[in-house]
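Novice: Below is a structure I'd like to ask you about.
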Amino acid sequence: MRTGVTHLTVLLAQIVVVLLTTRCVGIFVARIRQPKVVGEMLAGILLGPSLLGWIAPSLSTSLFPAESLIHLSSLSQIGLVLFMFLVGSELNIGELRRLGWAAVITSNAGVAAPFLLGAALSILLYPDLSPEGVPFLHLALFVGTAMSVTAFPVLARILVESNLLGTRIGTVAIACSAVDDVFAWSVLAGVVLLVRGPLDAAPIQLTLAGSAAFVLFMILVARPLLARLRWIDQARGSLPRERLAILLVLAFASAWISERLGLHAVFGAFLMGCVLPRDRRLARGLEESLAGAIALLLPLFFAETGLRTSVRLLDRWPLWGLCLLIVLVAVAGKFGGATLAARAGGLSWSEAAALGVLMNTRGLMELVILRVGLDVGVITPTLYAMMVIMALVTTFMTTPILGWLGSERLRRSY
C-alpha cells in the first residue's frame, strides 16, 4: 500500500509540474505568435535530460524516477489514444474530390519528394544511427515516412489563427495534409508489422492477414453500422454522455485490437475515428467533450517524449552536422516538393510558397510517429533526438515565414 501511495504522490507531482511548465512556456511562445503545440514540445524537452537533467540531476531524478515513468507513460498513452481518435473523426478525405488538379498533385508531391529524400538520407544514417539488427529497408521506410508527415491538427490551428481556413490555400492545405497523414500512417503500420512481426508468436503472414481483415471490417462493416445510429440528440443538437461513453469504449476497443495485432494502439484509435459518420455536430461534440481530458493528458505525452530526448547525445560536431542535414532534407522535400507541385497545378508563386510552408508543419504528429519508431526499436535514441529537433524547427518556422509571405495579401487575393 505504501508503494502505491508513493507512486501516486510522484505521479501527481509530475502532473502539476508538467502542466505548469507547458502553461508557462505556452505563454512565452504565444507572445512570438507560435502555436500552442510548439510550447508544449519545448516544455517536454526542457523537463528531460536536455535541460533539467543537466542543470539539476538530483531534482530530475526525484521528480521523474525511473520506476515511475511506466505510470506517466500509461497516462500519456491514454491521452494519445483520445487525441488520435479525435483527429480521425475530423479527417475529411472527401474534400480532395472537389479541389481539382492543384490539390491532387500537391498532395502526391508532398508525400513522394520527402519520402524519397528521407529514404536516400538513410544511406548516411544507417551505419551509425540504426539499432543493431535492424535491416536497412526498415530504417529507410521509417525515415521516409517521418519526413512525409504533416501535422493536421497544428496546421488547422495555424490556418484558423491566420484567418486562412476558408481560403483556397487553406482548403487545399487541409485536404493535402489529410492525404499525407493517411499515407504516412499506412506506411508506418507496414513498418511496425515488419519490425514486430518476427517477434510475435504468430507468423508475420497471420499478423498481416489479421490487420488487413481488421481494416476491412472497420470500413465495410463498422462504418455503415455506425452511420445508421443516431449519435446526436436532435432536440438539443449535442452529443449525450451515454453515447459519448459508447464511442469511447469503441475507440479503446479498437486501440486494444490494433495493439494485439502487432500494431501500435494509436492506429486503432485513429481508424475508429475515421469510420465515424462525417457529421460536423458529432465532431464538434467529441471535441468539446474530450478537450478537457486531452488538455490534461496530452502534455504528459510531451513530457515523456522530452524524458526520452537528450540533445546531449549529440556530443560531437559530426552528429550536429547530420542533424542539420536532416532538417534541410525535411524542408527541401516537403516545402520544395509541395511548392513546385502547387505552382505546376495553377497556383501563383506566393500561394504555392504559402502552401509549401504549411505542408512543412510537422508538430505533434511527427512526435507520435517518432515515438512509435523508438518503441518498436527501428531508430536509436540519438536519431530520435535529431528527428525531434527537426520536428520542432519545421513547426517553429511555419508562422514567421507565413507572415513574411503576407497572409493578409493571400486573404485579399482570395
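Just remember, in the C-alpha cells the first chain shown is A, the second B, etc., residues are 1-based per chain, and ligands are 1-based in the order shown.
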Write out as a PyMOL selection string the residues lying within 8 Å of Val376 (chain A), counting only C-alpha atoms and excluding same-chain residues fewer than 3 positions away.
Specialist: chain A and resi 192+195-196+372-373
Novice: Can those selected residues be exported to a file as a compact mmCIF listing (two decimals), in the first residue's frame so that it contains N, CA, C and O atoms?
Specialist:
```
# COMPACT_ATOMS: atom_id res chain seq x y z
N VAL A 192 5.86 -1.10 -38.80
CA VAL A 192 5.70 -1.71 -37.48
C VAL A 192 5.47 -3.22 -37.60
O VAL A 192 6.04 -4.01 -36.84
N VAL A 195 8.76 -4.90 -38.41
CA VAL A 195 9.69 -4.95 -37.29
C VAL A 195 9.18 -5.88 -36.19
O VAL A 195 9.93 -6.69 -35.64
N ARG A 196 7.91 -5.77 -35.87
CA ARG A 196 7.36 -6.54 -34.75
C ARG A 196 7.00 -7.96 -35.13
O ARG A 196 7.02 -8.85 -34.29
N VAL A 372 6.53 5.95 -31.90
CA VAL A 372 6.26 4.59 -32.34
C VAL A 372 7.55 3.94 -32.83
O VAL A 372 7.85 2.78 -32.51
N GLY A 373 8.34 4.70 -33.61
CA GLY A 373 9.60 4.15 -34.12
C GLY A 373 10.56 3.79 -33.01
O GLY A 373 11.26 2.76 -33.08
```
Novice: Need the shell around region 382-394 of chain A: protein/DNA/RNA residues with any atom at most 6 Å away, counting only C-alpha atoms. Skip same-chain ones fewer than 5 positions apart. Format as a short mmCIF file (atom, residue, chain, number, x, y, z; two decimals) with N, CA and C atoms, in the first residue's frame?
Specialist:
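Output file around_0.cif is given in full below:
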```
data_model
loop_
_atom_site.label_atom_id
_atom_site.label_comp_id
_atom_site.auth_asym_id
_atom_site.auth_seq_id
_atom_site.Cartn_x
_atom_site.Cartn_y
_atom_site.Cartn_z
N LEU A 129 23.57 5.21 -36.88
CA LEU A 129 22.39 5.64 -36.14
C LEU A 129 21.22 4.66 -36.24
N THR A 309 14.25 12.31 -24.86
CA THR A 309 15.04 13.11 -25.79
C THR A 309 16.17 13.80 -25.04
N LEU A 313 23.09 13.74 -26.31
CA LEU A 313 23.57 12.59 -27.08
C LEU A 313 24.30 13.03 -28.34
N CYS A 323 22.33 16.26 -37.95
CA CYS A 323 21.05 16.83 -37.51
C CYS A 323 20.64 17.98 -38.43
N VAL A 327 17.31 18.30 -41.00
CA VAL A 327 16.40 19.44 -41.09
C VAL A 327 16.33 19.96 -42.52
N THR A 361 4.77 21.88 -41.88
CA THR A 361 4.46 21.81 -40.45
C THR A 361 4.36 20.35 -40.00
N ARG A 362 5.06 19.99 -38.95
CA ARG A 362 5.06 18.59 -38.51
C ARG A 362 4.47 18.43 -37.10
N GLY A 363 4.96 19.16 -36.13
CA GLY A 363 4.33 19.20 -34.82
C GLY A 363 4.12 17.86 -34.16
#
```
Novice: Please compute the CA of Ile169 (chain A)-CA of Ser107 (chain A) distance, one decimal, in Å.
Specialist: 12.8 Å
Novice: Quick one: residues within 12 Å of Leu80 (chain A), only C-alpha atoms counted, chain neighbours fewer than 6 positions away excluded, as a ChimeraX atom specification?
Specialist: /A:73-74,86-87,251-252,255,264-270,290,293-302,304-305,364-365,367-369,371-372
Novice: Excluding Ile401 (chain A) and any residue of its chain fewer than 4 positions from it, enumerate the residues within 9 Å of it, using only C-alpha atoms, and give them as a list in words.
Specialist: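 Returned residues: Ala354, Val357, Met397, Leu405 and Gly406 of chain A.
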Novice: Env of Val29 (chain A): 10 Å cut, atoms = only C-alpha atoms, seq-sep filter 6 positions within chain, self excluded. Answer as a list in words.
Specialist: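 Within the cut-off, the hits are Pro35, Lys36, Val37, Val38, Gly39, Glu40, Leu42 and Phe396 of chain A.
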Novice: How many Å separate CA of Thr150 (chain A) from CA of Met218 (chain A)?
Specialist: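 Between CA of Thr150 (chain A) and CA of Met218 (chain A) the gap works out to 24.4 Å.
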Novice: Grab the CA of Ser162 (chain A) to CA of Leu370 (chain A) distance for me, in Å with one decimal place.
Specialist: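 Separation of CA of Ser162 (chain A) and CA of Leu370 (chain A): 28.2 Å.
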Novice: Residues at most 12 Å from region 186-191 of chain A, counting only C-alpha atoms, excluding those fewer than 6 positions away in the same chain, as a ChimeraX atom specification?
Specialist: /A:111,115,134-149,179-180,197,204,207-209,211-212,215,258-259,261-268,270-271,366,368-373,376-379
Novice: Which residues, written as a ChimeraX atom specification, have at least one atom at most 12 Å from Ala341 (chain A), with only C-alpha atoms counted and residues fewer than 2 positions away on the same chain left out?
Specialist: /A:101-113,176,333-339,343-349,351-353,355-356,359
Novice: Looking at A:Thr22, A:Ser89, A:Gln77, A:Thr398, which one is nearest to Arg278 (chain A), with distances taken over only C-alpha atoms?
Specialist: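 For Arg278 (chain A), the nearest of the given residues is A:Ser89.
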